[in-house]
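Have a look at final15.cif below; it lists mmCIF, C-alpha atoms.
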```
data_upload
loop_
_atom_site.label_atom_id
_atom_site.label_comp_id
_atom_site.auth_asym_id
_atom_site.auth_seq_id
_atom_site.Cartn_x
_atom_site.Cartn_y
_atom_site.Cartn_z
CA MET A 13 -67.81 12.46 -33.07
CA GLY A 14 -67.47 10.54 -29.80
CA ARG A 15 -67.92 11.80 -26.29
CA GLY A 16 -64.19 12.39 -25.83
CA GLY A 17 -64.02 14.62 -28.92
CA LYS A 18 -66.96 16.70 -27.81
CA ALA A 19 -65.43 17.18 -24.34
CA ARG A 20 -62.15 18.39 -25.83
CA ASP A 21 -63.93 20.87 -28.14
CA GLN A 22 -65.97 22.18 -25.25
CA SER A 23 -62.86 22.71 -23.09
CA ARG A 24 -61.12 24.62 -25.91
CA LYS A 25 -64.15 26.86 -26.34
CA GLN A 26 -64.11 27.63 -22.60
CA GLY A 27 -60.44 28.80 -22.88
CA ALA A 28 -58.83 25.88 -21.03
CA PRO A 29 -55.11 25.74 -21.96
CA ASP A 30 -53.65 22.61 -23.55
CA GLN A 31 -51.25 20.57 -21.37
CA PRO A 32 -47.64 20.46 -22.56
CA ALA A 33 -46.73 17.34 -24.52
CA ALA A 34 -44.11 16.24 -21.98
CA GLU A 35 -46.60 16.58 -19.13
CA LYS A 36 -49.20 14.58 -21.10
CA ARG A 37 -46.68 11.73 -21.45
CA ASP A 38 -46.04 11.85 -17.71
CA LEU A 39 -49.76 11.67 -17.03
CA ARG A 40 -50.06 8.54 -19.15
CA LEU A 41 -47.38 6.98 -16.91
CA GLY A 42 -49.20 8.08 -13.80
CA ILE A 43 -46.45 10.64 -12.91
CA ARG A 44 -46.87 14.40 -12.88
CA THR A 45 -43.52 16.24 -13.17
CA PRO A 46 -43.72 19.86 -14.40
CA VAL A 47 -41.30 20.44 -17.26
CA ASP A 48 -40.14 23.76 -15.86
CA ASP A 49 -38.98 22.11 -12.62
CA ALA A 50 -36.97 19.52 -14.55
CA LEU A 51 -35.05 22.26 -16.38
CA LEU A 52 -34.02 24.19 -13.29
CA PRO A 53 -30.19 24.00 -12.80
CA GLU A 54 -28.89 22.38 -9.63
CA PRO A 55 -27.20 24.78 -7.22
CA LEU A 56 -23.39 24.67 -7.36
CA THR A 57 -21.63 23.49 -4.21
CA PRO A 58 -17.89 23.54 -3.39
CA LEU A 59 -15.94 20.39 -4.28
CA ILE A 60 -14.54 20.42 -0.76
CA SER A 61 -16.82 21.66 1.97
CA PRO A 62 -15.33 24.37 4.19
CA GLY A 63 -15.47 22.07 7.18
CA MET A 64 -13.31 19.44 5.45
CA THR A 65 -10.61 21.72 4.03
CA ALA A 66 -8.31 21.38 7.05
CA THR A 67 -8.49 17.58 6.77
CA PHE A 68 -8.61 17.06 3.01
CA TRP A 69 -5.35 18.69 1.96
CA PRO A 70 -3.05 17.01 4.52
CA PHE A 71 -4.74 13.67 3.81
CA ALA A 72 -4.36 14.18 0.04
CA GLY A 73 -0.74 15.23 0.55
CA ILE A 74 0.11 11.95 2.28
CA CYS A 75 -1.61 9.99 -0.51
CA VAL A 76 0.28 11.87 -3.24
CA VAL A 77 3.65 11.46 -1.50
CA ALA A 78 2.90 7.76 -0.98
CA SER A 79 2.17 7.35 -4.70
CA VAL A 80 5.41 9.10 -5.68
CA SER A 81 7.33 6.99 -3.16
CA LEU A 82 5.93 3.75 -4.58
CA GLY A 83 6.87 4.88 -8.08
CA LEU A 84 10.45 5.67 -7.07
CA ALA A 85 10.97 2.31 -5.41
CA TRP A 86 9.29 0.32 -8.19
CA PHE A 87 10.49 2.06 -11.36
CA VAL A 88 13.80 3.79 -10.52
CA GLY A 89 14.94 0.90 -8.33
CA ASP A 90 14.32 -1.58 -11.15
CA GLN A 91 17.09 -3.82 -12.48
CA SER A 92 16.68 -2.52 -16.05
CA VAL A 93 17.42 1.06 -14.92
CA TYR A 94 20.56 -0.09 -13.10
CA ALA A 95 21.73 -2.03 -16.18
CA GLN A 96 21.22 1.00 -18.43
CA LEU A 97 23.09 3.35 -16.10
CA PHE A 98 25.95 0.96 -15.32
CA PRO A 99 26.35 -1.33 -18.35
CA GLU A 100 30.05 -1.85 -17.67
CA LYS A 101 29.24 -3.65 -14.41
CA VAL A 102 27.11 -6.37 -16.02
CA ARG A 103 30.15 -8.66 -16.44
CA HIS A 104 31.46 -7.97 -12.93
CA PRO A 105 31.07 -10.94 -10.55
CA ASP A 106 29.47 -8.63 -7.97
CA TRP A 107 27.05 -7.07 -10.45
CA MET A 108 24.00 -8.59 -8.76
CA LEU A 109 25.08 -7.36 -5.33
CA GLY A 110 25.52 -3.89 -6.83
CA PHE A 111 21.99 -4.02 -8.21
CA LYS A 112 20.60 -5.15 -4.84
CA ALA A 113 22.35 -2.18 -3.21
CA TRP A 114 20.79 0.09 -5.88
CA TRP A 115 17.35 -1.40 -5.21
CA VAL A 116 17.67 -0.95 -1.44
CA ALA A 117 18.96 2.61 -1.86
CA TRP A 118 15.89 3.63 -3.87
CA THR A 119 13.61 1.77 -1.50
CA VAL A 120 15.09 3.78 1.37
CA ALA A 121 14.79 7.00 -0.66
CA GLY A 122 11.17 6.33 -1.57
CA PHE A 123 9.89 4.65 1.56
CA LEU A 124 11.83 6.52 4.24
CA VAL A 125 13.60 9.71 3.12
CA LEU A 126 10.78 11.26 1.08
CA PRO A 127 7.92 10.49 3.53
CA ALA A 128 10.03 11.53 6.53
CA ALA A 129 10.95 14.81 4.83
CA PHE A 130 7.29 15.47 4.08
CA MET A 131 6.29 14.89 7.70
CA LEU A 132 9.18 16.98 9.05
CA LEU A 133 8.54 19.93 6.73
CA ARG A 134 4.86 20.17 7.62
CA ARG A 135 3.85 22.61 10.30
CA GLY A 136 3.75 20.79 13.60
CA ASN A 137 5.80 17.80 14.69
CA HIS A 138 4.00 15.26 12.52
CA ILE A 139 6.95 12.86 12.40
CA ARG A 140 5.73 11.63 15.79
CA ASP A 141 2.64 10.28 14.01
CA CYS A 142 4.86 7.68 12.30
CA ASN A 143 4.87 5.19 15.21
CA LEU A 144 8.55 5.45 16.16
CA SER A 145 8.15 4.69 19.88
CA TRP A 146 10.88 2.47 21.37
CA SER A 147 8.96 1.98 24.59
CA GLY A 148 5.97 0.62 22.69
CA PHE A 149 8.24 -1.99 21.12
CA ARG A 150 9.99 -2.84 24.39
CA ASP A 151 6.77 -3.25 26.34
CA HIS A 152 5.26 -5.56 23.71
CA PHE A 153 8.39 -7.43 22.61
CA TRP A 154 6.92 -10.76 23.67
CA ILE A 155 4.07 -10.42 21.16
CA TYR A 156 6.50 -10.36 18.25
CA VAL A 157 8.45 -13.31 19.66
CA ALA A 158 5.19 -15.26 19.87
CA LEU A 159 4.29 -14.27 16.31
CA PHE A 160 7.63 -15.51 14.99
CA ALA A 161 7.28 -18.76 16.94
CA ALA A 162 3.83 -19.25 15.41
CA VAL A 163 4.88 -18.51 11.83
CA PHE A 164 8.22 -20.37 11.77
CA PRO A 165 6.71 -23.90 11.39
CA VAL A 166 4.78 -22.64 8.36
CA ILE A 167 7.97 -21.18 6.88
CA TYR A 168 9.76 -24.48 7.46
CA LEU A 169 7.07 -26.52 5.69
CA VAL A 170 6.85 -24.11 2.75
CA SER A 171 10.63 -24.03 2.42
CA TRP A 172 10.59 -27.59 1.01
CA SER A 173 8.78 -26.35 -2.09
CA PRO A 174 11.06 -25.97 -5.16
CA ALA A 175 9.26 -22.71 -5.98
CA PHE A 176 10.40 -21.40 -2.59
CA TYR A 177 14.07 -22.36 -2.56
CA THR A 178 14.63 -21.42 -6.19
CA PHE A 179 13.31 -17.90 -5.47
CA TYR A 180 15.16 -17.35 -2.19
CA PRO A 181 17.56 -15.85 -1.33
CA MET A 182 16.72 -12.94 -3.61
CA TYR A 183 20.47 -12.39 -3.96
CA PRO A 184 21.55 -15.56 -5.82
CA GLN A 185 25.18 -15.44 -4.59
CA ALA A 186 24.21 -15.16 -0.91
CA GLY A 187 25.60 -18.66 -0.26
CA ARG A 188 28.91 -18.01 -2.02
CA SER A 189 30.65 -16.80 1.15
CA TRP A 190 30.06 -15.44 4.62
CA ALA A 191 30.79 -11.95 3.26
CA ASP A 192 28.12 -12.29 0.58
CA LEU A 193 25.55 -13.58 3.06
CA LEU A 194 26.22 -10.84 5.63
CA LYS A 195 26.26 -8.06 3.03
CA TRP A 196 22.97 -9.25 1.61
CA GLU A 197 21.23 -9.65 4.96
CA GLY A 198 22.47 -6.20 6.00
CA LEU A 199 21.01 -4.64 2.85
CA TYR A 200 17.80 -6.62 3.33
CA ALA A 201 17.46 -5.33 6.91
CA GLY A 202 17.82 -1.72 5.69
CA GLN A 203 15.06 -2.35 3.19
CA PHE A 204 12.78 -3.65 5.98
CA ILE A 205 13.36 -0.54 8.09
CA ALA A 206 12.25 1.63 5.16
CA LEU A 207 9.35 -0.72 4.40
CA GLU A 208 7.99 -0.64 7.95
CA PHE A 209 8.41 3.12 8.21
CA PHE A 210 6.41 3.62 5.02
CA PHE A 211 3.55 1.19 5.56
CA ARG A 212 3.20 1.02 9.35
CA GLY A 213 4.55 4.49 10.10
CA PHE A 214 3.77 6.93 7.30
CA LEU A 215 0.52 5.33 6.10
CA VAL A 216 -0.90 3.79 9.29
CA GLY A 217 0.26 6.62 11.55
CA GLY A 218 0.06 9.53 9.13
CA LEU A 219 -3.36 8.69 7.71
CA GLY A 220 -4.53 7.54 11.14
CA ARG A 221 -4.61 11.15 12.33
CA TYR A 222 -7.52 11.71 9.90
CA ILE A 223 -9.29 8.34 9.50
CA GLY A 224 -8.31 6.52 12.69
CA ILE A 225 -7.71 2.77 12.63
CA LEU A 226 -9.17 2.58 9.11
CA SER A 227 -5.66 3.51 7.99
CA VAL A 228 -4.63 -0.10 8.71
CA PRO A 229 -6.72 -1.76 5.94
CA VAL A 230 -5.94 1.17 3.63
CA SER A 231 -2.21 0.45 4.02
CA VAL A 232 -2.71 -3.26 3.32
CA MET A 233 -3.71 -2.74 -0.33
CA PRO A 234 -0.41 -1.23 -1.59
CA TYR A 235 1.50 -3.54 0.76
CA MET A 236 -0.01 -6.63 -0.86
CA MET A 237 0.63 -5.22 -4.35
CA LEU A 238 4.31 -4.81 -3.45
CA HIS A 239 4.47 -8.63 -3.19
CA PHE A 240 3.20 -9.30 -6.73
CA SER A 241 6.73 -10.26 -7.84
CA LYS A 242 6.95 -12.96 -5.15
CA PRO A 243 5.35 -16.44 -5.04
CA TRP A 244 1.57 -16.11 -4.87
CA PRO A 245 1.16 -17.74 -1.40
CA GLU A 246 3.46 -15.10 0.04
CA ALA A 247 1.60 -12.33 -1.79
CA TYR A 248 -1.73 -13.40 -0.25
CA ALA A 249 -0.13 -13.97 3.14
CA ALA A 250 0.91 -10.30 2.99
CA ILE A 251 -2.76 -9.35 3.46
CA PHE A 252 -2.87 -11.08 6.84
CA ALA A 253 0.62 -9.87 7.79
CA GLY A 254 -0.28 -6.29 6.87
CA LEU A 255 -3.40 -6.34 9.02
CA VAL A 256 -1.59 -7.86 12.01
CA LEU A 257 1.52 -5.66 11.82
CA GLY A 258 -0.55 -2.58 11.05
CA GLY A 259 -2.86 -3.25 13.98
CA LEU A 260 0.09 -3.77 16.31
CA ALA A 261 1.79 -0.60 15.10
CA TRP A 262 -1.44 1.31 15.71
CA LYS A 263 -1.76 -0.15 19.20
CA THR A 264 1.89 0.05 20.31
CA LYS A 265 2.75 3.23 18.36
CA SER A 266 5.91 1.44 17.19
CA ILE A 267 7.16 0.05 13.87
CA TRP A 268 10.22 -1.66 15.42
CA GLY A 269 8.45 -4.92 16.22
CA GLY A 270 7.54 -5.19 12.55
CA VAL A 271 11.17 -4.55 11.58
CA MET A 272 12.31 -7.27 13.98
CA ILE A 273 9.89 -9.93 12.79
CA HIS A 274 10.48 -9.08 9.14
CA CYS A 275 14.24 -9.49 9.58
CA ALA A 276 13.86 -12.73 11.55
CA VAL A 277 11.51 -14.22 8.95
CA ALA A 278 13.73 -13.12 6.05
CA VAL A 279 16.93 -14.59 7.53
CA SER A 280 15.10 -17.83 8.34
CA MET A 281 13.75 -18.09 4.79
CA ASP A 282 17.15 -17.45 3.23
CA LEU A 283 18.97 -19.94 5.46
CA LEU A 284 16.36 -22.64 4.90
CA ALA A 285 16.49 -22.11 1.13
CA LEU A 286 20.30 -22.28 1.13
CA ALA A 287 20.19 -25.42 3.29
CA HIS A 288 17.86 -27.19 0.86
CA LYS A 289 20.20 -26.31 -2.01
CA GLY A 290 23.34 -27.27 -0.05
CA GLN A 291 24.71 -23.73 -0.40
CA LEU A 292 25.19 -22.64 3.21
CA PRO A 293 28.52 -20.77 3.46
CA TRP A 294 29.95 -23.00 6.18
CA LEU A 295 29.41 -26.08 4.00
CA HIS A 296 32.06 -24.97 1.51
CA GLY A 297 34.27 -22.65 3.49
#
```
Whole structure, structure tokens version:
Amino acid sequence: MGRGGKARDQSRKQGAPDQPAAEKRDLRLGIRTPVDDALLPEPLTPLISPGMTATFWPFAGICVVASVSLGLAWFVGDQSVYAQLFPEKVRHPDWMLGFKAWWVAWTVAGFLVLPAAFMLLRRGNHIRDCNLSWSGFRDHFWIYVALFAAVFPVIYLVSWSPAFYTFYPMYPQAGRSWADLLKWEGLYAGQFIALEFFFRGFLVGGLGRYIGILSVPVSVMPYMMLHFSKPWPEAYAAIFAGLVLGGLAWKTKSIWGGVMIHCAVAVSMDLLALAHKGQLPWLHG
């Protein structure tokens, strides 16, 4: 028997206890971790710490309402839903205008009515968080004029692309008459009011109470996703636009500059697209 065997027999005779198998393995790795300590359960802690309760639930409420609002606008306002509910109107010459009115109505319901009701029904006047200041818009009006002046040359260059003028206007009969054009642009403007209230008011302002200016990049993610149905350059441009308009809304406490520039850009895009197709209303009475 070797020296190691003799030493082990001698230790057993002296009453030295054997080391547990798990601890022996740890020793071979150079680590000593008692097995009993590894089996001790971790202490349970609350999912939401008491200090965060007052912040977590209002923040979560805004996120849940925002998710429901996006679902209403995207799914209920879809063309397939309108066609199923009003199949008799499919053959009507104004069917597409009726659908656009349906789409805008559900956009307003999801992006304006529901979030505004949530903010109004909460304890405290939280609707003021939604950046509705007129003075903030008036005092910084020149910024939005400068932004439009900077972006218009880009719109003009892009408007020559067939992908652009075949997509716009989003109401295909907008160039049929002055009445069609004005009805469509009026509906489109209502959609932009709801859009700005939701993204730059409800999300930037509402979440901003809890996470500060970080609410601006948070609002950009769903805003960009809302543009997935549009040409990809416009979808990616929405990231930059969301950051700029969100930052301005945070600074000025007003969404109305965003409404103005959205409407100006949209009308410009529609008129340029109609011009390239020779469909401006005044060209054919």
query = Using all atoms listed in the file, which residues sit within 7 Å of range 60-69 of chain A once same-chain residues fewer than 3 positions away are excluded, as a list of chain:residue names?
reply = A:Ala72, A:Gly73, A:Tyr222
request  = Work out how far CA of Gly254 in chain A is from CA of Leu126 in chain A, in Å to one decimal.
outcome  = 21.5 Å
ask   = From the list A:Leu257, A:Leu283, A:Ala175, A:Leu207, which residue is nearest Pro229 in chain A when using all atoms listed in the file?
value = A:Leu257
If we count only C-alpha atoms and set the cut-off at 12 Å, which residues sit around Trp172 in chain A, ignoring sequence neighbours fewer than 2 positions away in its own chain? Please answer as an mmCIF file with C-alpha atoms, keeping the file's coordinate frame.
```cif
data_model
loop_
_atom_site.group_PDB
_atom_site.id
_atom_site.type_symbol
_atom_site.label_atom_id
_atom_site.label_comp_id
_atom_site.auth_asym_id
_atom_site.auth_seq_id
_atom_site.Cartn_x
_atom_site.Cartn_y
_atom_site.Cartn_z
ATOM 1 C CA PRO A 165 6.710 -23.900 11.390
ATOM 2 C CA VAL A 166 4.780 -22.640 8.360
ATOM 3 C CA ILE A 167 7.970 -21.180 6.880
ATOM 4 C CA TYR A 168 9.760 -24.480 7.460
ATOM 5 C CA LEU A 169 7.070 -26.520 5.690
ATOM 6 C CA VAL A 170 6.850 -24.110 2.750
ATOM 7 C CA PRO A 174 11.060 -25.970 -5.160
ATOM 8 C CA ALA A 175 9.260 -22.710 -5.980
ATOM 9 C CA PHE A 176 10.400 -21.400 -2.590
ATOM 10 C CA TYR A 177 14.070 -22.360 -2.560
ATOM 11 C CA THR A 178 14.630 -21.420 -6.190
ATOM 12 C CA PHE A 179 13.310 -17.900 -5.470
ATOM 13 C CA TYR A 180 15.160 -17.350 -2.190
ATOM 14 C CA MET A 281 13.750 -18.090 4.790
ATOM 15 C CA LEU A 284 16.360 -22.640 4.900
ATOM 16 C CA ALA A 285 16.490 -22.110 1.130
ATOM 17 C CA LEU A 286 20.300 -22.280 1.130
ATOM 18 C CA ALA A 287 20.190 -25.420 3.290
ATOM 19 C CA HIS A 288 17.860 -27.190 0.860
ATOM 20 C CA LYS A 289 20.200 -26.310 -2.010
#
```
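Rounded to one decimal, CA of Ile155 in chain A and CA of Trp268 in chain A lie 12.1 Å from each other.
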ask   = Using all atoms listed in the file, which of A:Ala186, A:Val125, A:Ile251, A:Leu194 sits nearest Ala78 in chain A?
value = A:Val125
Shell of 7 Å around Phe149 in chain A, only C-alpha atoms, local chain residues under 3 positions omitted, as a VMD selection string = chain A and resid 145 to 146 152 to 153 264 266 268 to 269
Å distance separating CA of Ser147 in chain A from CA of Phe210 in chain A, one decimal place =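 Taking CA of Ser147 in chain A as the start and CA of Phe210 in chain A as the end point, the length is 19.8 Å.
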message = From the options A:Gly148, A:Pro127, A:Pro184, A:Gly122, which residue's atoms come nearest to Leu109 in chain A, counting all atoms listed in the file?
response =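 For Leu109 in chain A, the nearest of the candidates is A:Pro184.
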ask   = Could you spell out the hits of the PyMOL selection byres ((chain A and resi 134-141) around 9) on the shown file, as a PyMOL selection string?
value = chain A and resi 128-133+142-145+213-214+216-221+265
task = Within 12 Å of Ile205 in chain A, counting all atoms listed in the file, which residues show up once you throw out same-chain ones fewer than 2 positions away? Write them as a count of residues only, please.
result = 32
inquiry  = Under the PyMOL selection byres ((chain A and resi 91-105) around 12), which residues of this model are included? Write them out as a list in words.
reply    = Leu84, Ala85, Trp86, Phe87, Val88, Gly89, Asp90, Asp106, Trp107, Met108, Leu109, Gly110, Phe111, Lys112, Ala113, Trp114, Trp115, Val116, Ala117, Trp118, Pro184, Gln185, Arg188 and Asp192 of chain A
ask   = Using all atoms listed in the file, can you list as a list in words the residues within 9 Å of (-3.1, 2.4, 0.1)?
value =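 Residues with an atom close enough to that point: Cys75, Ala78, Ser79, Phe211, Leu215, Ser227, Pro229, Val230, Ser231, Val232, Met233, Pro234 and Tyr235 of chain A.
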For C-alpha atoms, please extract range 41-131 of chain A from the block and return it as a PDB file, in the first residue's frame.
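Writing the result to out-v3.pdb gives the following:
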```pdb
ATOM      1  CA  LEU A  41     -11.358  22.324  -9.014  1.00  0.00           C
ATOM      2  CA  GLY A  42      -9.720  24.521  -6.427  1.00  0.00           C
ATOM      3  CA  ILE A  43     -13.113  25.836  -5.154  1.00  0.00           C
ATOM      4  CA  ARG A  44     -14.590  25.185  -1.735  1.00  0.00           C
ATOM      5  CA  THR A  45     -18.390  25.676  -1.669  1.00  0.00           C
ATOM      6  CA  PRO A  46     -20.232  23.925   1.199  1.00  0.00           C
ATOM      7  CA  VAL A  47     -23.151  21.907  -0.129  1.00  0.00           C
ATOM      8  CA  ASP A  48     -25.472  23.093   2.622  1.00  0.00           C
ATOM      9  CA  ASP A  49     -24.989  26.744   1.601  1.00  0.00           C
ATOM     10  CA  ALA A  50     -25.835  25.933  -2.023  1.00  0.00           C
ATOM     11  CA  LEU A  51     -29.164  24.411  -0.996  1.00  0.00           C
ATOM     12  CA  LEU A  52     -30.354  27.351   1.072  1.00  0.00           C
ATOM     13  CA  PRO A  53     -33.412  29.028  -0.585  1.00  0.00           C
ATOM     14  CA  GLU A  54     -33.077  32.642  -1.666  1.00  0.00           C
ATOM     15  CA  PRO A  55     -35.184  35.081   0.340  1.00  0.00           C
ATOM     16  CA  LEU A  56     -38.403  36.149  -1.422  1.00  0.00           C
ATOM     17  CA  THR A  57     -38.666  39.827  -2.326  1.00  0.00           C
ATOM     18  CA  PRO A  58     -41.707  41.749  -3.655  1.00  0.00           C
ATOM     19  CA  LEU A  59     -42.005  41.983  -7.444  1.00  0.00           C
ATOM     20  CA  ILE A  60     -42.487  45.723  -7.051  1.00  0.00           C
ATOM     21  CA  SER A  61     -40.592  47.394  -4.257  1.00  0.00           C
ATOM     22  CA  PRO A  62     -42.732  49.542  -1.953  1.00  0.00           C
ATOM     23  CA  GLY A  63     -40.880  52.649  -3.045  1.00  0.00           C
ATOM     24  CA  MET A  64     -41.782  52.083  -6.708  1.00  0.00           C
ATOM     25  CA  THR A  65     -45.474  51.251  -6.293  1.00  0.00           C
ATOM     26  CA  ALA A  66     -46.641  54.845  -6.734  1.00  0.00           C
ATOM     27  CA  THR A  67     -44.696  55.089 -10.008  1.00  0.00           C
ATOM     28  CA  PHE A  68     -45.108  51.596 -11.441  1.00  0.00           C
ATOM     29  CA  TRP A  69     -48.884  51.379 -11.719  1.00  0.00           C
ATOM     30  CA  PRO A  70     -49.491  54.750 -13.449  1.00  0.00           C
ATOM     31  CA  PHE A  71     -46.578  54.042 -15.801  1.00  0.00           C
ATOM     32  CA  ALA A  72     -47.916  50.544 -16.557  1.00  0.00           C
ATOM     33  CA  GLY A  73     -51.401  51.992 -17.068  1.00  0.00           C
ATOM     34  CA  ILE A  74     -50.164  54.364 -19.773  1.00  0.00           C
ATOM     35  CA  CYS A  75     -48.318  51.493 -21.496  1.00  0.00           C
ATOM     36  CA  VAL A  76     -51.396  49.244 -21.432  1.00  0.00           C
ATOM     37  CA  VAL A  77     -53.698  51.989 -22.752  1.00  0.00           C
ATOM     38  CA  ALA A  78     -51.157  52.785 -25.477  1.00  0.00           C
ATOM     39  CA  SER A  79     -51.100  49.122 -26.536  1.00  0.00           C
ATOM     40  CA  VAL A  80     -54.899  48.948 -26.685  1.00  0.00           C
ATOM     41  CA  SER A  81     -54.985  52.221 -28.639  1.00  0.00           C
ATOM     42  CA  LEU A  82     -52.509  50.928 -31.220  1.00  0.00           C
ATOM     43  CA  GLY A  83     -54.571  47.774 -31.610  1.00  0.00           C
ATOM     44  CA  LEU A  84     -57.787  49.714 -32.185  1.00  0.00           C
ATOM     45  CA  ALA A  85     -56.248  51.930 -34.842  1.00  0.00           C
ATOM     46  CA  TRP A  86     -54.427  49.085 -36.601  1.00  0.00           C
ATOM     47  CA  PHE A  87     -56.941  46.230 -36.488  1.00  0.00           C
ATOM     48  CA  VAL A  88     -60.421  47.788 -36.186  1.00  0.00           C
ATOM     49  CA  GLY A  89     -59.530  50.624 -38.558  1.00  0.00           C
ATOM     50  CA  ASP A  90     -58.369  48.147 -41.204  1.00  0.00           C
ATOM     51  CA  GLN A  91     -59.896  48.086 -44.688  1.00  0.00           C
ATOM     52  CA  SER A  92     -60.915  44.414 -44.375  1.00  0.00           C
ATOM     53  CA  VAL A  93     -63.056  45.180 -41.304  1.00  0.00           C
ATOM     54  CA  TYR A  94     -64.794  48.030 -43.131  1.00  0.00           C
ATOM     55  CA  ALA A  95     -65.466  45.789 -46.155  1.00  0.00           C
ATOM     56  CA  GLN A  96     -66.972  43.069 -43.948  1.00  0.00           C
ATOM     57  CA  LEU A  97     -69.233  45.496 -42.081  1.00  0.00           C
ATOM     58  CA  PHE A  98     -70.332  47.472 -45.152  1.00  0.00           C
ATOM     59  CA  PRO A  99     -70.174  45.081 -48.133  1.00  0.00           C
ATOM     60  CA  GLU A 100     -72.926  46.947 -49.974  1.00  0.00           C
ATOM     61  CA  LYS A 101     -70.689  50.021 -50.270  1.00  0.00           C
ATOM     62  CA  VAL A 102     -67.884  48.251 -52.150  1.00  0.00           C
ATOM     63  CA  ARG A 103     -69.431  49.132 -55.532  1.00  0.00           C
ATOM     64  CA  HIS A 104     -70.167  52.738 -54.534  1.00  0.00           C
ATOM     65  CA  PRO A 105     -67.899  55.286 -56.266  1.00  0.00           C
ATOM     66  CA  ASP A 106     -67.141  56.867 -52.883  1.00  0.00           C
ATOM     67  CA  TRP A 107     -66.356  53.559 -51.185  1.00  0.00           C
ATOM     68  CA  MET A 108     -62.684  54.424 -50.723  1.00  0.00           C
ATOM     69  CA  LEU A 109     -63.497  57.796 -49.181  1.00  0.00           C
ATOM     70  CA  GLY A 110     -65.866  56.018 -46.798  1.00  0.00           C
ATOM     71  CA  PHE A 111     -63.090  53.647 -45.779  1.00  0.00           C
ATOM     72  CA  LYS A 112     -60.673  56.541 -45.226  1.00  0.00           C
ATOM     73  CA  ALA A 113     -63.268  58.182 -42.966  1.00  0.00           C
ATOM     74  CA  TRP A 114     -63.597  54.862 -41.085  1.00  0.00           C
ATOM     75  CA  TRP A 115     -59.817  54.643 -40.711  1.00  0.00           C
ATOM     76  CA  VAL A 116     -59.531  58.218 -39.421  1.00  0.00           C
ATOM     77  CA  ALA A 117     -62.450  57.697 -37.021  1.00  0.00           C
ATOM     78  CA  TRP A 118     -60.754  54.704 -35.385  1.00  0.00           C
ATOM     79  CA  THR A 119     -57.426  56.502 -35.358  1.00  0.00           C
ATOM     80  CA  VAL A 120     -59.080  59.360 -33.467  1.00  0.00           C
ATOM     81  CA  ALA A 121     -60.811  56.885 -31.130  1.00  0.00           C
ATOM     82  CA  GLY A 122     -57.597  55.004 -30.407  1.00  0.00           C
ATOM     83  CA  PHE A 123     -55.048  57.797 -30.439  1.00  0.00           C
ATOM     84  CA  LEU A 124     -57.062  60.635 -28.923  1.00  0.00           C
ATOM     85  CA  VAL A 125     -60.350  59.673 -27.247  1.00  0.00           C
ATOM     86  CA  LEU A 126     -59.133  56.657 -25.264  1.00  0.00           C
ATOM     87  CA  PRO A 127     -55.822  58.180 -24.032  1.00  0.00           C
ATOM     88  CA  ALA A 128     -57.509  61.499 -23.213  1.00  0.00           C
ATOM     89  CA  ALA A 129     -60.244  59.706 -21.249  1.00  0.00           C
ATOM     90  CA  PHE A 130     -57.602  57.769 -19.324  1.00  0.00           C
ATOM     91  CA  MET A 131     -55.736  60.945 -18.394  1.00  0.00           C
TER      92      MET A 131
END
```
